[in-house]
file structure15.tsv (TSV, C-alpha atoms and all ligand atoms)
chain	number	residue	atom	x	y	z
A	258	MET	CA	-27.23	-4.22	7.04
A	259	LYS	CA	-25.51	-7.12	5.34
A	260	LEU	CA	-22.85	-5.50	3.16
A	261	SER	CA	-21.07	-2.12	3.27
A	262	ILE	CA	-19.24	-1.10	0.11
A	263	ILE	CA	-16.58	1.57	0.58
A	264	ILE	CA	-15.83	3.60	-2.54
A	265	PRO	CA	-13.07	6.28	-2.38
A	266	CYS	CA	-13.63	8.86	-5.12
A	267	LYS	CA	-11.26	11.54	-6.30
A	268	ASN	CA	-12.40	13.22	-9.50
A	269	GLU	CA	-14.52	10.33	-10.69
A	270	GLU	CA	-17.42	12.22	-12.29
A	271	GLY	CA	-17.25	9.96	-15.34
A	272	SER	CA	-17.41	6.64	-13.47
A	273	ILE	CA	-19.57	6.80	-10.38
A	274	THR	CA	-22.99	6.67	-12.02
A	275	ILE	CA	-21.97	3.65	-14.11
A	276	LEU	CA	-20.45	2.01	-11.03
A	277	TYR	CA	-23.62	2.62	-9.02
A	278	LYS	CA	-25.77	1.06	-11.75
A	279	LYS	CA	-23.54	-2.00	-11.92
A	280	LEU	CA	-23.58	-2.36	-8.14
A	281	ASN	CA	-27.35	-2.16	-8.09
A	282	GLU	CA	-27.56	-4.74	-10.84
A	283	VAL	CA	-25.29	-7.37	-9.29
A	284	LEU	CA	-26.36	-6.86	-5.66
A	285	LYS	CA	-30.12	-6.80	-6.11
A	286	ASP	CA	-30.70	-9.70	-3.69
A	287	ILE	CA	-28.37	-8.35	-0.99
A	288	LYS	CA	-29.12	-5.69	1.62
A	289	TYR	CA	-26.25	-3.31	1.04
A	290	GLU	CA	-25.06	0.28	1.55
A	291	ALA	CA	-22.71	2.03	-0.87
A	292	ILE	CA	-20.58	4.54	1.05
A	293	PHE	CA	-19.04	6.96	-1.43
A	294	ILE	CA	-16.24	9.10	-0.03
A	295	ASP	CA	-15.61	12.26	-1.99
A	296	ASP	CA	-11.93	12.86	-1.31
A	297	GLY	CA	-11.68	16.54	-2.19
A	298	SER	CA	-12.70	16.17	-5.82
A	299	ASN	CA	-12.64	19.30	-7.92
A	300	ASP	CA	-14.85	18.05	-10.72
A	301	LYS	CA	-18.58	17.22	-10.66
A	302	THR	CA	-18.20	14.12	-8.45
A	303	MET	CA	-20.16	15.66	-5.55
A	304	GLU	CA	-22.96	16.82	-7.85
A	305	LYS	CA	-23.28	13.29	-9.24
A	306	LEU	CA	-23.24	11.78	-5.74
A	307	ARG	CA	-26.01	14.10	-4.55
A	308	LYS	CA	-28.11	13.03	-7.51
A	309	LEU	CA	-27.45	9.35	-6.79
A	310	TYR	CA	-28.56	9.86	-3.19
A	311	GLU	CA	-31.76	11.64	-4.21
A	312	ASP	CA	-32.58	8.78	-6.57
A	313	ASP	CA	-31.77	5.95	-4.16
A	314	MET	CA	-31.73	6.93	-0.49
A	315	GLN	CA	-31.96	3.32	0.55
A	316	HIS	CA	-28.51	2.35	-0.72
A	317	VAL	CA	-26.44	5.48	-1.22
A	318	LYS	CA	-24.48	7.27	1.52
A	319	VAL	CA	-21.96	10.01	0.95
A	320	LEU	CA	-19.12	11.46	3.01
A	321	SER	CA	-17.46	14.55	1.64
A	322	PHE	CA	-14.00	15.52	2.89
A	323	SER	CA	-13.02	19.14	3.47
A	324	ARG	CA	-10.06	18.61	1.10
A	325	ASN	CA	-8.09	15.80	-0.51
A	326	PHE	CA	-6.80	13.54	2.28
A	327	MET	CA	-5.70	10.70	-0.06
A	328	LYS	CA	-7.20	7.28	-0.63
A	329	GLU	CA	-5.93	5.78	2.63
A	330	ALA	CA	-7.88	8.37	4.65
A	331	ALA	CA	-11.00	7.71	2.58
A	332	MET	CA	-10.65	4.00	3.28
A	333	LEU	CA	-10.41	4.57	7.02
A	334	ALA	CA	-13.46	6.85	6.99
A	335	GLY	CA	-15.36	4.16	5.12
A	336	LEU	CA	-14.44	1.56	7.73
A	337	GLU	CA	-15.50	3.85	10.58
A	338	TYR	CA	-18.88	4.58	9.03
A	339	ALA	CA	-19.65	1.08	7.71
A	340	THR	CA	-22.44	-0.78	9.50
A	341	GLY	CA	-22.61	-4.01	7.49
A	342	GLU	CA	-21.89	-7.52	8.64
A	343	TYR	CA	-19.47	-7.66	5.71
A	344	THR	CA	-17.40	-4.73	4.45
A	345	CYS	CA	-15.54	-4.31	1.18
A	346	PHE	CA	-13.45	-1.77	-0.72
A	347	ILE	CA	-13.84	-1.08	-4.41
A	348	ASP	CA	-12.26	1.59	-6.64
A	349	ALA	CA	-14.64	4.03	-8.28
A	350	ASP	CA	-12.99	3.82	-11.70
A	351	LEU	CA	-14.45	0.38	-12.63
A	352	GLN	CA	-11.02	-1.21	-12.85
A	353	GLN	CA	-12.39	-3.67	-10.32
A	354	ASN	CA	-15.51	-5.23	-11.77
A	355	PRO	CA	-18.45	-5.26	-9.28
A	356	LYS	CA	-19.33	-8.79	-10.42
A	357	TYR	CA	-16.51	-10.03	-8.17
A	358	LEU	CA	-18.37	-8.66	-5.13
A	359	VAL	CA	-20.95	-11.42	-5.56
A	360	GLU	CA	-18.17	-13.99	-5.78
A	361	MET	CA	-16.57	-12.70	-2.57
A	362	TYR	CA	-19.92	-12.43	-0.83
A	363	GLU	CA	-20.89	-15.99	-1.66
A	364	PHE	CA	-17.53	-17.28	-0.60
A	365	LEU	CA	-17.86	-15.67	2.85
A	366	GLU	CA	-21.45	-16.89	3.17
A	367	ASN	CA	-20.44	-20.47	2.41
A	368	ASN	CA	-17.10	-20.65	4.19
A	369	LYS	CA	-17.51	-19.61	7.79
A	370	GLU	CA	-13.91	-20.53	8.60
A	371	TYR	CA	-12.65	-17.67	6.44
A	372	ASP	CA	-12.76	-14.05	7.65
A	373	GLU	CA	-11.68	-12.31	4.48
A	374	VAL	CA	-11.50	-12.69	0.71
A	375	ALA	CA	-8.78	-10.78	-1.16
A	376	MET	CA	-8.70	-10.44	-4.92
A	377	VAL	CA	-5.32	-10.91	-6.57
A	378	MET	CA	-4.58	-9.25	-9.92
A	379	GLU	CA	-4.12	-11.83	-12.66
A	380	ASN	CA	-3.22	-9.61	-15.55
A	381	LYS	CA	-1.48	-6.36	-14.92
A	382	ASN	CA	-2.76	-3.40	-16.85
A	383	HIS	CA	0.30	-1.37	-16.12
A	384	LYS	CA	2.85	-1.03	-18.82
A	385	GLY	CA	6.62	-0.59	-18.80
A	386	ILE	CA	8.01	1.34	-15.92
A	387	MET	CA	4.85	1.13	-13.77
A	388	SER	CA	4.78	-2.64	-13.99
A	389	LEU	CA	8.48	-2.85	-13.22
A	390	GLY	CA	7.94	-0.40	-10.38
A	391	LYS	CA	5.07	-2.39	-8.85
A	392	ASN	CA	6.96	-5.70	-9.04
A	393	ALA	CA	10.05	-4.13	-7.52
A	394	PHE	CA	7.82	-2.61	-4.84
A	395	TYR	CA	6.42	-5.98	-3.70
A	396	LYS	CA	9.86	-7.60	-3.75
A	397	LEU	CA	11.35	-4.76	-1.72
A	398	MET	CA	8.44	-4.64	0.73
A	399	ASN	CA	8.56	-8.37	1.40
A	400	LYS	CA	12.30	-8.29	1.88
A	401	MET	CA	12.18	-5.42	4.28
A	402	CYS	CA	8.96	-5.69	6.23
A	403	ASP	CA	7.96	-7.83	9.14
A	404	VAL	CA	4.59	-8.44	7.45
A	405	LYS	CA	4.37	-10.44	4.23
A	406	LEU	CA	2.36	-8.89	1.39
A	407	GLU	CA	0.75	-11.29	-1.07
A	408	ASN	CA	2.15	-10.41	-4.49
A	409	ALA	CA	-0.32	-8.26	-6.43
A	410	ALA	CA	-3.03	-8.62	-3.77
A	411	SER	CA	-5.13	-5.48	-3.93
A	412	ASP	CA	-7.33	-3.58	-1.51
A	413	PHE	CA	-10.23	-5.13	-3.40
A	414	ARG	CA	-11.35	-7.27	-0.49
A	415	MET	CA	-14.39	-8.27	1.50
A	416	PHE	CA	-14.21	-9.12	5.18
A	417	ARG	CA	-16.26	-9.79	8.28
A	418	SER	CA	-16.72	-7.19	11.01
A	419	ASN	CA	-14.00	-8.75	13.19
A	420	VAL	CA	-11.46	-7.77	10.52
A	421	LYS	CA	-13.03	-4.31	10.18
A	422	ASP	CA	-12.80	-3.69	13.92
A	423	ALA	CA	-9.18	-4.86	13.98
A	424	MET	CA	-8.29	-2.52	11.12
A	425	ILE	CA	-9.88	0.45	12.89
A	426	SER	CA	-8.10	-0.47	16.13
A	427	LEU	CA	-4.76	0.31	14.48
A	428	SER	CA	-4.84	4.00	15.18
A	429	GLU	CA	-1.83	5.05	13.14
A	430	LYS	CA	-2.18	8.31	11.25
A	431	THR	CA	0.07	7.43	8.33
A	432	ARG	CA	-1.87	4.49	7.03
A	433	PHE	CA	-0.80	1.73	4.67
A	434	THR	CA	-3.83	-0.48	4.31
A	435	LYS	CA	-2.12	-3.33	2.42
A	436	GLY	CA	0.30	-3.70	5.32
A	437	ILE	CA	-2.46	-3.32	7.90
A	438	PHE	CA	-4.41	-6.15	6.27
A	439	ALA	CA	-1.32	-8.35	6.48
A	440	TRP	CA	-0.57	-7.26	10.05
A	441	VAL	CA	-4.01	-7.97	11.53
A	442	GLY	CA	-3.87	-11.53	10.17
A	443	PHE	CA	-7.10	-13.61	10.09
A	444	ASN	CA	-7.98	-16.36	7.63
A	445	VAL	CA	-7.68	-14.93	4.16
A	446	LYS	CA	-8.75	-16.58	0.91
A	447	TYR	CA	-7.02	-15.27	-2.21
A	448	LEU	CA	-9.00	-15.37	-5.45
A	449	PRO	CA	-7.82	-14.22	-8.89
A	450	TYR	CA	-9.38	-11.29	-10.78
A	451	GLU	CA	-8.77	-9.43	-14.00
A	452	VAL	CA	-8.03	-5.72	-13.71
A	453	GLU	CA	-9.94	-3.71	-16.30
A	454	PRO	CA	-8.86	-0.50	-18.01
A	455	ARG	CA	-9.95	2.77	-16.42
A	456	THR	CA	-13.33	3.96	-17.81
A	457	SER	CA	-12.57	7.67	-17.60
A	458	GLY	CA	-10.22	10.19	-16.04
A	459	SER	CA	-6.67	9.26	-15.25
A	460	SER	CA	-4.91	7.33	-12.52
A	461	ASN	CA	-4.11	9.28	-9.38
A	462	PHE	CA	-1.04	7.18	-8.75
A	463	GLY	CA	1.82	7.95	-11.12
A	464	PHE	CA	5.27	6.50	-10.68
A	465	ILE	CA	6.35	9.15	-8.17
A	466	ASN	CA	3.20	8.73	-6.05
A	467	SER	CA	3.57	4.94	-6.10
A	468	PHE	CA	7.18	5.34	-4.99
A	469	LYS	CA	6.10	7.63	-2.13
A	470	TYR	CA	3.41	5.13	-1.17
A	471	ALA	CA	6.02	2.37	-1.06
A	472	MET	CA	8.09	4.54	1.27
A	473	VAL	CA	5.06	4.98	3.57
A	474	GLY	CA	4.71	1.20	3.66
A	475	ILE	CA	8.36	0.61	4.47
A	476	LEU	CA	8.45	3.29	7.17
A	477	SER	CA	5.27	1.91	8.76
A	478	PHE	CA	6.15	-1.76	8.69
A	479	SER	CA	9.91	-2.06	8.84
A	480	ASN	CA	12.76	-0.84	10.99
A	481	LYS	CA	15.33	-2.48	8.76
A	482	PRO	CA	16.58	0.75	7.08
A	483	LEU	CA	17.58	1.99	10.54
A	484	LYS	CA	19.48	-1.20	11.23
A	485	TRP	CA	21.08	-1.12	7.79
A	486	SER	CA	22.17	2.45	8.51
A	487	ILE	CA	24.40	1.20	11.28
A	488	ASN	CA	25.96	-1.45	9.00
A	489	LEU	CA	26.47	1.08	6.24
A	490	GLY	CA	28.06	3.50	8.69
A	491	ILE	CA	30.44	0.86	10.02
A	492	THR	CA	31.37	-0.31	6.52
A	493	SER	CA	32.09	3.18	5.24
A	494	LEU	CA	34.11	4.01	8.35
A	495	LEU	CA	36.16	0.85	7.93
A	496	GLY	CA	36.66	1.60	4.24
A	497	ALA	CA	37.72	5.14	5.03
A	498	PHE	CA	40.19	3.93	7.66
A	499	ILE	CA	41.81	1.43	5.30
A	500	TYR	CA	42.04	4.07	2.57
A	501	PHE	CA	43.60	6.49	5.05
A	502	ILE	CA	46.34	3.99	5.85
A	503	VAL	CA	46.98	3.38	2.13
A	504	LEU	CA	47.22	7.13	1.54
A	505	LEU	CA	49.57	7.59	4.47
A	506	VAL	CA	51.85	4.90	3.17
A	507	GLN	CA	51.79	6.40	-0.34
A	508	ILE	CA	52.58	9.88	0.94
A	509	LEU	CA	55.37	8.71	3.19
A	510	ALA	CA	56.90	6.43	0.58
A	511	PHE	CA	56.39	8.44	-2.65
A	512	GLY	CA	55.46	11.96	-1.50
A	513	LEU	CA	52.28	12.06	-3.71
A	514	LYS	CA	51.02	15.37	-2.31
A	515	MET	CA	48.54	16.56	-4.98
A	516	LYS	CA	47.05	13.14	-5.60
A	517	ALA	CA	46.52	12.82	-1.89
A	518	VAL	CA	44.54	16.07	-1.76
A	519	TYR	CA	42.18	14.95	-4.55
A	520	ALA	CA	41.76	11.58	-2.92
A	521	LEU	CA	40.94	13.19	0.40
A	522	ILE	CA	38.33	15.41	-1.19
A	523	LEU	CA	36.74	12.38	-2.82
A	524	LEU	CA	36.81	10.48	0.42
A	525	MET	CA	35.16	13.34	2.27
A	526	LEU	CA	32.43	13.61	-0.35
A	527	VAL	CA	31.68	9.90	-0.10
A	528	LEU	CA	31.54	10.05	3.68
A	529	PHE	CA	29.38	13.17	3.73
A	530	GLY	CA	27.06	11.64	1.14
A	531	THR	CA	26.66	8.52	3.24
A	532	GLN	CA	26.01	10.61	6.33
A	533	PHE	CA	23.28	12.60	4.64
A	534	ILE	CA	21.57	9.44	3.41
A	535	LEU	CA	21.66	8.04	6.93
A	536	LEU	CA	20.33	11.30	8.34
A	537	GLY	CA	17.56	11.21	5.76
A	538	ILE	CA	16.57	7.69	6.80
A	539	VAL	CA	16.52	8.58	10.49
A	540	GLY	CA	14.72	11.83	9.64
A	541	SER	CA	11.98	9.94	7.78
A	542	TYR	CA	11.28	7.83	10.85
A	543	ILE	CA	11.28	10.92	13.06
A	544	ALA	CA	8.84	12.60	10.68
A	545	ASN	CA	6.57	9.58	11.07
A	546	ILE	CA	6.77	9.80	14.86
A	547	ASN	CA	6.06	13.51	14.60
A	548	THR	CA	2.89	12.85	12.63
A	549	GLU	CA	1.73	10.31	15.19
A	550	VAL	CA	2.48	12.54	18.17
A	551	ARG	CA	0.65	15.52	16.67
A	552	ASN	CA	-2.37	13.25	16.65
A	553	ARG	CA	-4.27	15.19	14.03
A	554	PRO	CA	-7.36	13.51	12.61
A	555	VAL	CA	-6.71	11.42	9.50
A	556	TYR	CA	-9.54	13.20	7.65
A	557	ILE	CA	-12.13	15.91	8.14
A	558	VAL	CA	-15.70	15.41	7.00
A	559	LYS	CA	-17.34	18.48	5.53
A	560	GLU	CA	-20.68	16.93	4.75
A	561	LYS	CA	-22.51	13.69	5.48
A	562	ILE	CA	-25.41	12.58	3.35
A	563	GLY	CA	-27.66	9.66	4.19
A	564	PHE	CA	-26.24	8.86	7.64
A	565	ASN	CA	-28.65	8.91	10.54
A	566	GLU	CA	-28.01	10.84	13.75
A	567	LYS	CA	-26.35	7.82	15.31
A	568	GLY	CA	-23.61	8.00	12.66
A	569	ILE	CA	-20.26	8.61	14.31
A	570	LEU	CA	-18.29	11.90	14.45
B	601	LIG	N1	-8.57	8.02	-4.83
B	601	LIG	C1	-8.93	8.77	-3.72
B	601	LIG	N2	-8.10	9.79	-3.29
B	601	LIG	C2	-6.91	10.05	-3.90
B	601	LIG	C3	-6.53	9.25	-5.00
B	601	LIG	C4	-7.38	8.25	-5.44
B	601	LIG	O1	-9.99	8.57	-3.14
B	601	LIG	O2	-6.21	10.97	-3.46
B	601	LIG	C5	-9.47	6.94	-5.32
B	601	LIG	C6	-9.79	7.01	-6.80
B	601	LIG	O3	-10.90	7.84	-7.05
B	601	LIG	C7	-10.09	5.56	-7.12
B	601	LIG	C8	-9.16	4.80	-6.17
B	601	LIG	O4	-8.81	5.72	-5.14
B	601	LIG	O5	-11.43	5.20	-6.81
B	601	LIG	C9	-7.92	4.28	-6.90
B	601	LIG	O6	-7.25	5.38	-7.50
B	601	LIG	P1	-6.61	5.28	-8.95
B	601	LIG	O7	-7.55	4.60	-9.88
B	601	LIG	O8	-6.20	6.65	-9.32
B	601	LIG	O9	-5.35	4.37	-8.67
B	601	LIG	P2	-4.77	3.15	-9.55
B	601	LIG	O10	-5.94	2.26	-9.90
B	601	LIG	O11	-4.16	3.76	-10.72
B	601	LIG	O12	-3.80	2.49	-8.61
B	602	MG	MG	-7.62	2.77	-10.76
call {"tool": "encode", "arguments": {"input": "structure15.tsv", "output": "structure tokens"}}
result
Amino acid sequence: MKLSIIIPCKNEEGSITILYKKLNEVLKDIKYEAIFIDDGSNDKTMEKLRKLYEDDMQHVKVLSFSRNFMKEAAMLAGLEYATGEYTCFIDADLQQNPKYLVEMYEFLENNKEYDEVAMVMENKNHKGIMSLGKNAFYKLMNKMCDVKLENAASDFRMFRSNVKDAMISLSEKTRFTKGIFAWVGFNVKYLPYEVEPRTSGSSNFGFINSFKYAMVGILSFSNKPLKWSINLGITSLLGAFIYFIVLLVQILAFGLKMKAVYALILLMLVLFGTQFILLGIVGSYIANINTEVRNRPVYIVKEKIGFNEKGIL
């Protein structure tokens, strides 16, 4: 097998058949497998995938999860089941045009010194708050994390099996693939691509979900919030101490009893607030450790279609 294409699908009944046709069109000279991962869809995605498999058993493989485990889990499953010399990720919604797969493939074929090609969004199809959110996300991530994320570099990448093996070897349960790509290193070539509008359905990543995803990234690849907690704690303690002295002087000198009570209440609220934020930060890291220690599988496969007996799990 030359190329494995990993396609996470959550409620993509309107896109997958078109995507499959496009893949087949652009990859006709390449020996490839398209691994569709049905991530707990509740529309007709599975029905469509079964039909695709019946029509083209040579190229189509399907993994169906027992429920929605999120895109990151689907990506890991794809990596674990991929058998190609090259592996790539592509979204099912046609926002990433399959024509770029040929470009990435040819680049890897002709440039042996590179291990990976990553497509970087040229235009951004997100408007207003989402675009602001995504830019802020990259800035924040790069400031905070030990790994450097290429601005607007997507998961739309193709890589050799050494990269695939390295990605699988990171056994963390809470996965943040963009960070994992950066962490494993290798020689990466960045190429520009145009993001296209979604063909059907709606994005699974609203502002809140993107924010949560950013938090996963920061918790997985940075310990800075913990260190900042200490600084914040020291600063607020110092501030409180200075204010206490000022209050004491005021009370002793002018006898401002009532004002002092209000001020104390305010001071306590500020300190409690800070404490709870710090606790929250520490708690988030502990929650992450908890998830890792529980060691539950990242996903559960309900059904495998098109994999031979040697297929893992
Ligand atoms: N996806 C998935 N599981 C999820 C959410 C999304 O497998 O829980 C898939 C989705 O079907 C699509 C890809 O991940 O193929 C990207 O999702 P989406 O288009 O919703 O994200 P966006 O492009 O808006 O970032
Ligand atoms: Mg999309």
call {"tool": "atom_distance", "arguments": {"input": "structure15.tsv", "atom1": "CA of Phe433 in chain A", "atom2": "CA of Ser477 in chain A"}}
result
7.3 Å
call {"tool": "atom_distance", "arguments": {"input": "structure15.tsv", "atom1": "CA of Ala544 in chain A", "atom2": "CA of Met472 in chain A"}}
result
12.4 Å
call {"tool": "residues_near_ligand", "arguments": {"input": "structure15.tsv", "ligand": "ligand MG 602 (chain B)", "cutoff": "7 Å", "atoms": "all atoms listed in the file", "output": "ChimeraX atom specification"}}
result
/A:348,350,352,455,460
call {"tool": "closest_atom_pairs", "arguments": {"input": "structure15.tsv", "of": "chain A", "to": "ligand LIG 601 (chain B)", "cutoff": "6 Å", "atoms": "only C-alpha atoms and all ligand atoms", "output": "CSV"}}
result
residue,atom,partner,partner_atom,distance
A:Pro265,CA,B:LIG601,O1,3.9
A:Cys266,CA,B:LIG601,O3,3.5
A:Lys267,CA,B:LIG601,O3,3.8
A:Glu269,CA,B:LIG601,O3,5.7
A:Asp296,CA,B:LIG601,O1,5.1
A:Asn325,CA,B:LIG601,O2,6.0
A:Met327,CA,B:LIG601,O2,3.4
A:Lys328,CA,B:LIG601,N2,3.8
A:Ala331,CA,B:LIG601,O1,5.9
A:Asp348,CA,B:LIG601,O5,3.7
A:Ala349,CA,B:LIG601,O5,3.7
A:Asp350,CA,B:LIG601,O5,5.3
A:Ser460,CA,B:LIG601,O8,3.5
A:Asn461,CA,B:LIG601,O8,3.4
A:Phe462,CA,B:LIG601,O11,5.0
call {"tool": "residues_around", "arguments": {"input": "structure15.tsv", "residues": "range 450-452 of chain A", "least_positions_apart": "5", "cutoff": "12 Å", "atoms": "all atoms listed in the file", "output": "list in words"}}
result
Ile347, Asp348, Asp350, Leu351, Gln352, Gln353, Asn354, Pro355, Lys356, Tyr357, Leu358, Glu360, Met361, Val374, Ala375, Met376, Val377, Met378, Glu379, Asn380, Lys381, Asn382, His383, Ala409, Ala410, Ser411, Phe413 and Arg414 of chain A
call {"tool": "atom_distance", "arguments": {"input": "structure15.tsv", "atom1": "CA of Leu365 in chain A", "atom2": "CA of Met424 in chain A"}}
result
18.2 Å
call {"tool": "closest_residue", "arguments": {"input": "structure15.tsv", "among": "A:Val550, A:Met303, A:Val445, A:Leu320", "to": "Asn368 in chain A", "atoms": "all atoms listed in the file"}}
result
A:Val445
call {"tool": "closest_residue", "arguments": {"input": "structure15.tsv", "among": "A:Leu504, A:Glu407, A:Asn444, A:Asn480", "to": "Tyr519 in chain A", "atoms": "only C-alpha atoms"}}
result
A:Leu504
call {"tool": "closest_residue", "arguments": {"input": "structure15.tsv", "among": "A:Leu448, A:Ile264, A:Ala423, A:Leu521", "to": "Ile502 in chain A", "atoms": "all atoms listed in the file"}}
result
A:Leu521
call {"tool": "residues_around", "arguments": {"input": "structure15.tsv", "residues": "range 524-539 of chain A", "least_positions_apart": "6", "cutoff": "7 Å", "atoms": "all atoms listed in the file", "output": "NGL selection string"}}
result
:A and (482-483 or 486)
call {"tool": "residues_around", "arguments": {"input": "structure15.tsv", "residues": "Tyr343 in chain A", "least_positions_apart": "6", "cutoff": "10 Å", "atoms": "all atoms listed in the file", "output": "JSON list (two decimals) with C-alpha atoms, in the frame of the given file"}}
result
[["chain", "number", "residue", "atom", "x", "y", "z"],
["A", 258, "MET", "CA", -27.23, -4.22, 7.04],
["A", 259, "LYS", "CA", -25.51, -7.12, 5.34],
["A", 260, "LEU", "CA", -22.85, -5.50, 3.16],
["A", 261, "SER", "CA", -21.07, -2.12, 3.27],
["A", 262, "ILE", "CA", -19.24, -1.10, 0.11],
["A", 289, "TYR", "CA", -26.25, -3.31, 1.04],
["A", 362, "TYR", "CA", -19.92, -12.43, -0.83],
["A", 365, "LEU", "CA", -17.86, -15.67, 2.85],
["A", 366, "GLU", "CA", -21.45, -16.89, 3.17],
["A", 372, "ASP", "CA", -12.76, -14.05, 7.65],
["A", 373, "GLU", "CA", -11.68, -12.31, 4.48],
["A", 415, "MET", "CA", -14.39, -8.27, 1.50],
["A", 416, "PHE", "CA", -14.21, -9.12, 5.18],
["A", 417, "ARG", "CA", -16.26, -9.79, 8.28],
["A", 418, "SER", "CA", -16.72, -7.19, 11.01],
["A", 419, "ASN", "CA", -14.00, -8.75, 13.19],
["A", 420, "VAL", "CA", -11.46, -7.77, 10.52],
["A", 421, "LYS", "CA", -13.03, -4.31, 10.18]]
call {"tool": "closest_residue", "arguments": {"input": "structure15.tsv", "among": "A:Ile522, A:Leu406, A:Leu284, A:Ile273", "to": "Lys435 in chain A", "atoms": "all atoms listed in the file"}}
result
A:Leu406
